[in-house]
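*Asks:* This is the structure I have questions about; it appears just below.
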Amino acid sequence: MIENMCAKKEPVKGLKPLEGAECGKVVMRFAPNPNGPPTLGSTRGIVVNSEYVKMYEGKLIIRFDDTDPQTKRPMLEAYDWYLDDCKWLGAEPDQVVIASDRIPLYYKYARQLIEQGNAYVCFCTSEDFKNLKDISEPCPHRDANPQENLMHWDKMLAGEYEAKDAVLRLKTDIKHKDPAIRDYGIFRIVKQPHPRPEVDSKYVVWPLLDFEGAIEDHELGTTHIIRGKDLMDSETRQTYIYKYLGWKYPKTMHWGRVKMHEFGKFSTSTLRRAIEEGEYSGWDDPRLPTLRAMRRRGILPQAIRKFMIEMGVGETDVSISMDTLYAENRKIIDPLASRYFFVWDPVELPIAGAQPRTAKPPKHPTENKGHRSIDVADKVLVCKDDVDQLQVGSRIRLKDLYNIEITSLSPLQASYIGDEVANLKKDRMKIIHWAPVNGIPVRVLSPDGEFKGIGEKLISTELDKVVQFERFGFCRIDSVGSEIVAYFTHK
RNA sequence: GCUCCGGUAGUGUAGUCCGGCCAAUCAUUCCGGCCUUUCGAGCCGAAGACUCGGGUUCGAAUCCCGACCGGAGCACCA
C-alpha cells in the first residue's frame, strides 16, 4: 500500500516522509503500559510506527512501560495480548523490551546523574515541593552534595524509607518559565510488589516515565519517536537527561487524541471495572473498542491499518466515526463474504399450492462461489418486520425461491403464484429473504444488542469466516453447533 | 495562575515550512438517479470548508499580530 520509500523519496499517499530518516537506519518503538489490551487508540501507535518502519526498512520495538506497580498496575495477560494483536495487525516487533526487567540499568544512570550533581534526593512532601516550584524556589534538598545524595539514594534502594518519604529529582532549571519542567521527579518509592512473578518485590524504587523512557530511547537506539500530544513536554524534560549524559535526542512527532463517535470516553481502568462487574462479557465484548473485539467481529487488520494510516499523524484532536473504518472493511470483505439467509424474529409462513423443491441461491451475487441448497416443503420462516408490512393480496418474491401472494394475515397464509422472475421490477414486487423451518438457530451479538433467529444450515460450514446475512449485515461466525453464534461486523 | 499545542466541508485528510498553478485534494457520510431476485456491492450526479478581525504584499488557507474556540502539561500515573 505504501511503497518502499528507500528508493524514491517521493511521498506516497498516507504518511508523510520522516524527517531525517535514512533507509535501513530507522529505529522506532511504541511503548504501551500493559494495563489492559490494545484498543483502537493504542492501535494508532502500533500501525503508524510499523508502517514507517516498513517504509524505511527499519527496526520496530515494542517496549512495555510497566514501571508502575500501583496506580496503573500492569495486567499480566496484557503483555501477550499486545504481542498477539501486533502480530495480527502485521506489526510484529523486531524486539520486545520489558522495562521492569531493566531496572538496574535505570539505577546505573541514576547513580551517574547523582554523582555528577544533576539529581538529588528530595524529602519534601509533594505539596511543599509544588508550592516552592510554583514560585521558582529551590527546595532545601537541592543543595545537598553528591556524597549526601548518594547516601540517601542507597538508603532508598535499601528500603529504608517508606513510600512518599523520598523521591529522586532531576536538577533542571528551577526558574524555567514552564513550571512543568522544573526539577521533576525521576524515581519514587513503591512498596507494592510488581505483578510479574519474575520481578515481584525485587525493587522498591521505581523510575517515572520521563526517566525510563529517556534512558530506553537512547539505549535502544531510537531514531524517531511518535507520541501523544499529552507527552509534548517530555522532550524538553528529557533533553536535560540527554544533555547531562551527552546523548543526542531523537526526532519527535506528536499526535492528538483519537475519539470514536460510537464509543464515549473510556479508560482502561473503567473498562476493567465494568468487565469485572459483569457489565461486559469480556475484553472482546462486541460493544468495546478493543482490538480483540474488532477481531472477533470480523474487522480485518488491513482495514484497520488503512484507516489509521489515512488518519496520519496530525496534532489536532480527532473524533472519527466507525463508519469510516467499516467502509474500509466492507471494501475488502464484500467480494469474499458468502451470502446466507438469516431470519430474525421468525414467523412461520405456510404456502399453499407449492411443490416441495430445493432452492439454489448463489453464495455471492457477482463472484463465482457456487450455490447453497435449501429444501423447502410447504412453509418457510420470514422476519416479523416483513410480515408487519404485508396485507392480504400482497404479492412478494421469496428471494431465490418463488413468488407468493398473501391470502390471510391471521393466521398467516400465502399461496404459490409462480416462479417468474422477469417482471419483479415492473410489478413492484417486494423481495424478501426467508429461512427453512428446519434451519439452525442463530444468535447474533452486536454493539446494539442481541438478535435471535433461524438461519440456513450451511452457515455451519463458515466457522471463523465473515459472511453476509442478506438484508441484515456482515457477521463473523464465531461458533457452530446446535446453535450458531455470530458477531456482527457492520451493515 | 504559569506553560505548550492546535483550529480546512457532518467526519477524517491534502495543501501551510519555501505566499500566486487553491473559485482548495482525496475518502467517508448525506441527498438524487441508474443498476441489482439483499436494506450489500457497483456506476453516475449533487451538496458541502480555509474560526474571526487587523496587518504585510501586486497577490495569503499559506507570513505577522490580536481575539475567540478547542486540547494538553504543571503527579512520588503512563
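Ordering of the C-alpha cells sets the chain letters (A, B, ...); residue numbers start at 1 within each chain; ligands are numbered from 1 in the order shown.
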Can you tell me, as a compact mmCIF listing (two decimals) with C-alpha atoms, in the first residue's frame, which residues in range 174-419 of chain A count as strand (DSSP E) by DSSP?
*Replies:*
```
# COMPACT_ATOMS: atom_id res chain seq x y z
CA GLY A 185 10.78 13.59 39.84
CA ILE A 186 12.53 10.67 38.20
CA PHE A 187 12.30 7.90 40.83
CA ARG A 188 9.87 7.18 43.63
CA ILE A 189 9.30 4.53 46.21
CA VAL A 205 12.41 2.23 43.89
CA TRP A 206 10.78 2.72 40.51
CA PRO A 207 11.59 5.15 37.71
CA HIS A 224 12.23 8.70 15.73
CA ILE A 225 9.62 8.98 18.43
CA ILE A 226 5.94 9.46 17.81
CA ARG A 227 3.92 10.12 20.90
CA GLY A 228 0.73 11.68 22.10
CA LYS A 251 13.40 13.27 16.27
CA THR A 252 9.90 13.58 17.63
CA MET A 253 6.37 13.88 16.31
CA HIS A 254 3.11 14.18 18.17
CA TRP A 255 -0.48 13.37 17.56
CA VAL A 258 -8.44 10.00 18.90
CA LYS A 259 -12.04 9.57 19.87
CA MET A 260 -14.53 7.34 18.18
CA VAL A 318 -9.79 13.93 16.09
CA SER A 319 -13.17 12.45 16.60
CA ILE A 320 -13.90 9.97 13.92
CA ARG A 339 -24.33 -14.81 1.43
CA TYR A 340 -26.80 -16.60 3.64
CA PHE A 342 -30.81 -15.36 8.50
CA VAL A 343 -34.32 -14.61 9.68
CA TRP A 344 -34.59 -12.68 12.91
CA PRO A 346 -39.02 -15.59 12.65
CA VAL A 347 -42.66 -16.12 11.77
CA GLU A 348 -43.99 -19.23 10.03
CA LEU A 349 -45.49 -18.67 6.63
CA PRO A 350 -47.42 -21.61 5.16
CA ILE A 351 -47.66 -21.65 1.38
CA ALA A 352 -50.49 -23.40 -0.37
CA ARG A 357 -38.30 -28.14 -4.01
CA THR A 358 -34.72 -27.27 -3.36
CA ALA A 359 -33.72 -23.62 -3.64
CA ILE A 374 -32.13 -25.32 0.86
CA ASP A 375 -35.01 -27.78 0.91
CA VAL A 376 -38.47 -26.29 1.14
CA LYS A 379 -43.79 -23.40 4.56
CA VAL A 380 -40.88 -21.06 5.32
CA LEU A 381 -39.84 -18.64 8.04
CA VAL A 382 -39.78 -14.91 7.41
CA CYS A 383 -38.93 -11.88 9.51
CA ARG A 395 -47.55 -10.29 -3.85
CA ILE A 396 -43.97 -10.86 -2.85
CA ARG A 397 -40.92 -12.68 -4.06
CA LEU A 398 -39.21 -15.10 -1.74
CA ASN A 403 -43.46 -15.81 -5.87
CA ILE A 404 -46.37 -15.87 -3.46
CA GLU A 405 -49.48 -13.95 -2.65
CA ILE A 406 -50.71 -13.36 0.86
CA THR A 407 -54.17 -14.81 1.29
CA SER A 408 -54.66 -14.27 5.00
CA GLN A 413 -51.19 -17.84 4.90
CA ALA A 414 -49.92 -17.47 1.37
CA SER A 415 -50.32 -19.27 -1.90
CA TYR A 416 -47.85 -20.04 -4.62
CA ILE A 417 -48.27 -17.89 -7.71
CA GLY A 418 -45.32 -18.83 -9.88
```
*Asks:* Would you give me, as a list in words, the residues of chain B that come within 7 Å of chain A, using only C-alpha atoms (C1' of nucleotides)?
*Replies:*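 For chain B, the answer reads C2, U3, G6, U11, G12, U13, U28, U37, U38, C39, A41, G71, A72, G73, C74, C76, C77 and A78 of chain B.
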*Asks:* Would you pick out the contacts of G48 in chain B at 10 Å or less, using only C-alpha atoms (C1' of nucleotides), so that residues sharing its chain but fewer than 3 positions from it are not included, and give the list as a ChimeraX atom specification?
*Replies:* /B:9-10,30
*Asks:* Residues at most 8 Å from Ser460 in chain A, counting only C-alpha atoms (C1' of nucleotides), excluding those fewer than 5 positions away in the same chain, as a PyMOL selection string?
*Replies:* chain A and resi 480-481+484
*Asks:* Fewer than 6 positions away in the same chain doesn't count, so skip those; otherwise give me all residues within 9 Å of Leu271 in chain A, counting only C-alpha atoms (C1' of nucleotides), as a VMD selection string.
*Replies:* chain A and resid 36 280 283 288
*Asks:* Restricting the output to N, CA, C and O atoms, write the selected residues as a CSV table (one decimal), in the first residue's frame.
*Replies:*
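The file below, part.csv, is the result:
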```csv
chain,number,residue,atom,x,y,z
A,36,GLY,N,-4.0,-3.3,30.2
A,36,GLY,CA,-5.2,-3.7,29.5
A,36,GLY,C,-4.8,-4.0,28.1
A,36,GLY,O,-3.7,-3.8,27.7
A,280,TYR,N,-19.8,-6.2,30.9
A,280,TYR,CA,-19.4,-6.7,29.6
A,280,TYR,C,-19.0,-8.1,29.7
A,280,TYR,O,-18.6,-8.5,30.8
A,283,TRP,N,-13.1,-8.7,27.5
A,283,TRP,CA,-12.4,-7.6,26.7
A,283,TRP,C,-12.7,-7.7,25.2
A,283,TRP,O,-12.4,-6.8,24.5
A,288,LEU,N,-17.2,-3.2,22.8
A,288,LEU,CA,-15.9,-2.5,23.3
A,288,LEU,C,-15.0,-2.1,22.1
A,288,LEU,O,-15.0,-2.7,21.1
```
*Asks:* Which parts of range 161-233 of chain A does DSSP call alpha helix (DSSP H) when run on the backbone here, written out as a list in words?
*Replies:*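 Result set for range 161-233 of chain A (alpha helix (DSSP H)): Leu209, Asp210, Phe211, Glu212, Gly213, Ala214, Ile215, Glu216, Asp217, His218, Glu219, Met232 and Asp233 of chain A.
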*Asks:* Neighbouring residues of G32 in chain B were defined as those with any atom within 12 Å, considering only C-alpha atoms (C1' of nucleotides); residues of the same chain fewer than 2 positions away were excluded. Please report them as a list of chain:residue names.
*Replies:*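 The filter keeps B:C30, B:C34, B:C44, B:G45, B:A46, B:A47.
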*Asks:* Since we have the selection now, will you write its residues out, keeping N, CA and C atoms (P, O5', C5', C4', C3', O3' and C1' of nucleotides), as a CSV table (one decimal), in the first residue's frame?
*Replies:*
```
chain,number,residue,atom,x,y,z
B,30,C,P,-25.0,7.5,4.9
B,30,C,O5',-25.6,8.9,4.5
B,30,C,C5',-26.2,9.7,5.6
B,30,C,C4',-26.6,11.0,5.0
B,30,C,C3',-27.4,10.9,3.8
B,30,C,O3',-28.8,10.7,4.1
B,30,C,C1',-25.7,12.5,3.4
B,34,C,P,-34.0,5.8,-11.5
B,34,C,O5',-32.7,5.1,-12.1
B,34,C,C5',-32.3,5.3,-13.5
B,34,C,C4',-31.0,4.7,-13.8
B,34,C,C3',-31.0,3.1,-13.6
B,34,C,O3',-31.6,2.4,-14.6
B,34,C,C1',-29.0,4.1,-12.7
B,44,C,P,-18.5,6.3,-12.2
B,44,C,O5',-19.8,7.3,-12.5
B,44,C,C5',-20.2,7.4,-13.8
B,44,C,C4',-21.5,8.2,-13.8
B,44,C,C3',-21.4,9.5,-13.0
B,44,C,O3',-20.8,10.6,-13.7
B,44,C,C1',-23.4,8.4,-12.4
B,45,G,P,-20.0,11.7,-13.0
B,45,G,O5',-21.2,12.5,-12.3
B,45,G,C5',-22.2,13.3,-13.1
B,45,G,C4',-23.3,13.7,-12.2
B,45,G,C3',-22.9,14.7,-11.0
B,45,G,O3',-22.7,16.0,-11.5
B,45,G,C1',-24.5,13.1,-10.3
B,46,A,P,-21.8,17.0,-10.6
B,46,A,O5',-22.8,17.3,-9.4
B,46,A,C5',-24.1,18.0,-9.7
B,46,A,C4',-24.8,18.1,-8.4
B,46,A,C3',-24.1,18.8,-7.2
B,46,A,O3',-24.1,20.2,-7.3
B,46,A,C1',-25.1,16.8,-6.4
B,47,A,P,-23.0,21.1,-6.7
B,47,A,O5',-23.4,21.0,-5.2
B,47,A,C5',-24.7,21.4,-4.8
B,47,A,C4',-24.9,21.1,-3.3
B,47,A,C3',-23.8,21.5,-2.4
B,47,A,O3',-24.0,22.9,-2.0
B,47,A,C1',-24.3,19.3,-2.0
```
*Asks:* Hey, which of B:A49, B:C4, B:C43, B:C58 ends up closest to A24 in chain B? Count only C-alpha atoms (C1' of nucleotides).
*Replies:*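 Closest to A24 in chain B of all the choices is B:A49.
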*Asks:* Applying 7 Å and only C-alpha atoms (C1' of nucleotides), which residues near U62 in chain B remain after dropping the ones on its own chain fewer than 2 positions away? List them as a VMD selection string.
*Replies:* chain B and resid 16 19 60
*Asks:* Please write the residues from the selection above to a file, keeping N, CA and C atoms (P, O5', C5', C4', C3', O3' and C1' of nucleotides), as an mmCIF file, in the first residue's frame.
*Replies:*
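Heads up, here's the output in result_6.cif:
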```cif
data_model
loop_
_atom_site.group_PDB
_atom_site.id
_atom_site.type_symbol
_atom_site.label_atom_id
_atom_site.label_comp_id
_atom_site.auth_asym_id
_atom_site.auth_seq_id
_atom_site.Cartn_x
_atom_site.Cartn_y
_atom_site.Cartn_z
ATOM 1 P P U B 16 2.510 22.779 1.763
ATOM 2 O "O5'" U B 16 1.993 23.955 2.680
ATOM 3 C "C5'" U B 16 1.906 25.313 2.181
ATOM 4 C "C4'" U B 16 1.626 26.213 3.360
ATOM 5 C "C3'" U B 16 2.725 26.213 4.421
ATOM 6 O "O3'" U B 16 3.211 27.533 4.585
ATOM 7 C "C1'" U B 16 0.590 25.748 5.390
ATOM 8 P P G B 19 6.975 31.522 0.666
ATOM 9 O "O5'" G B 19 5.820 31.456 -0.453
ATOM 10 C "C5'" G B 19 4.931 30.414 -0.423
ATOM 11 C "C4'" G B 19 3.548 31.052 -0.395
ATOM 12 C "C3'" G B 19 2.996 31.260 -1.791
ATOM 13 O "O3'" G B 19 1.998 30.283 -1.932
ATOM 14 C "C1'" G B 19 2.760 33.200 -0.385
ATOM 15 P P A B 60 -4.409 38.522 -0.808
ATOM 16 O "O5'" A B 60 -3.574 37.174 -0.638
ATOM 17 C "C5'" A B 60 -4.034 35.888 -1.133
ATOM 18 C "C4'" A B 60 -3.902 34.892 -0.018
ATOM 19 C "C3'" A B 60 -4.798 35.264 1.162
ATOM 20 O "O3'" A B 60 -6.029 34.552 1.192
ATOM 21 C "C1'" A B 60 -2.496 34.966 1.860
#
```
*Asks:* What is the CA of His490 in chain A to CA of Asp478 in chain A distance in Å?
*Replies:*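 One can read the CA of His490 in chain A to CA of Asp478 in chain A distance as 14.9 Å.
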*Asks:* To one decimal in Å, tell me the separation between CA of Lys108 in chain A and CA of Arg237 in chain A.
*Replies:*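 Interatomic distance here is 19.4 Å.
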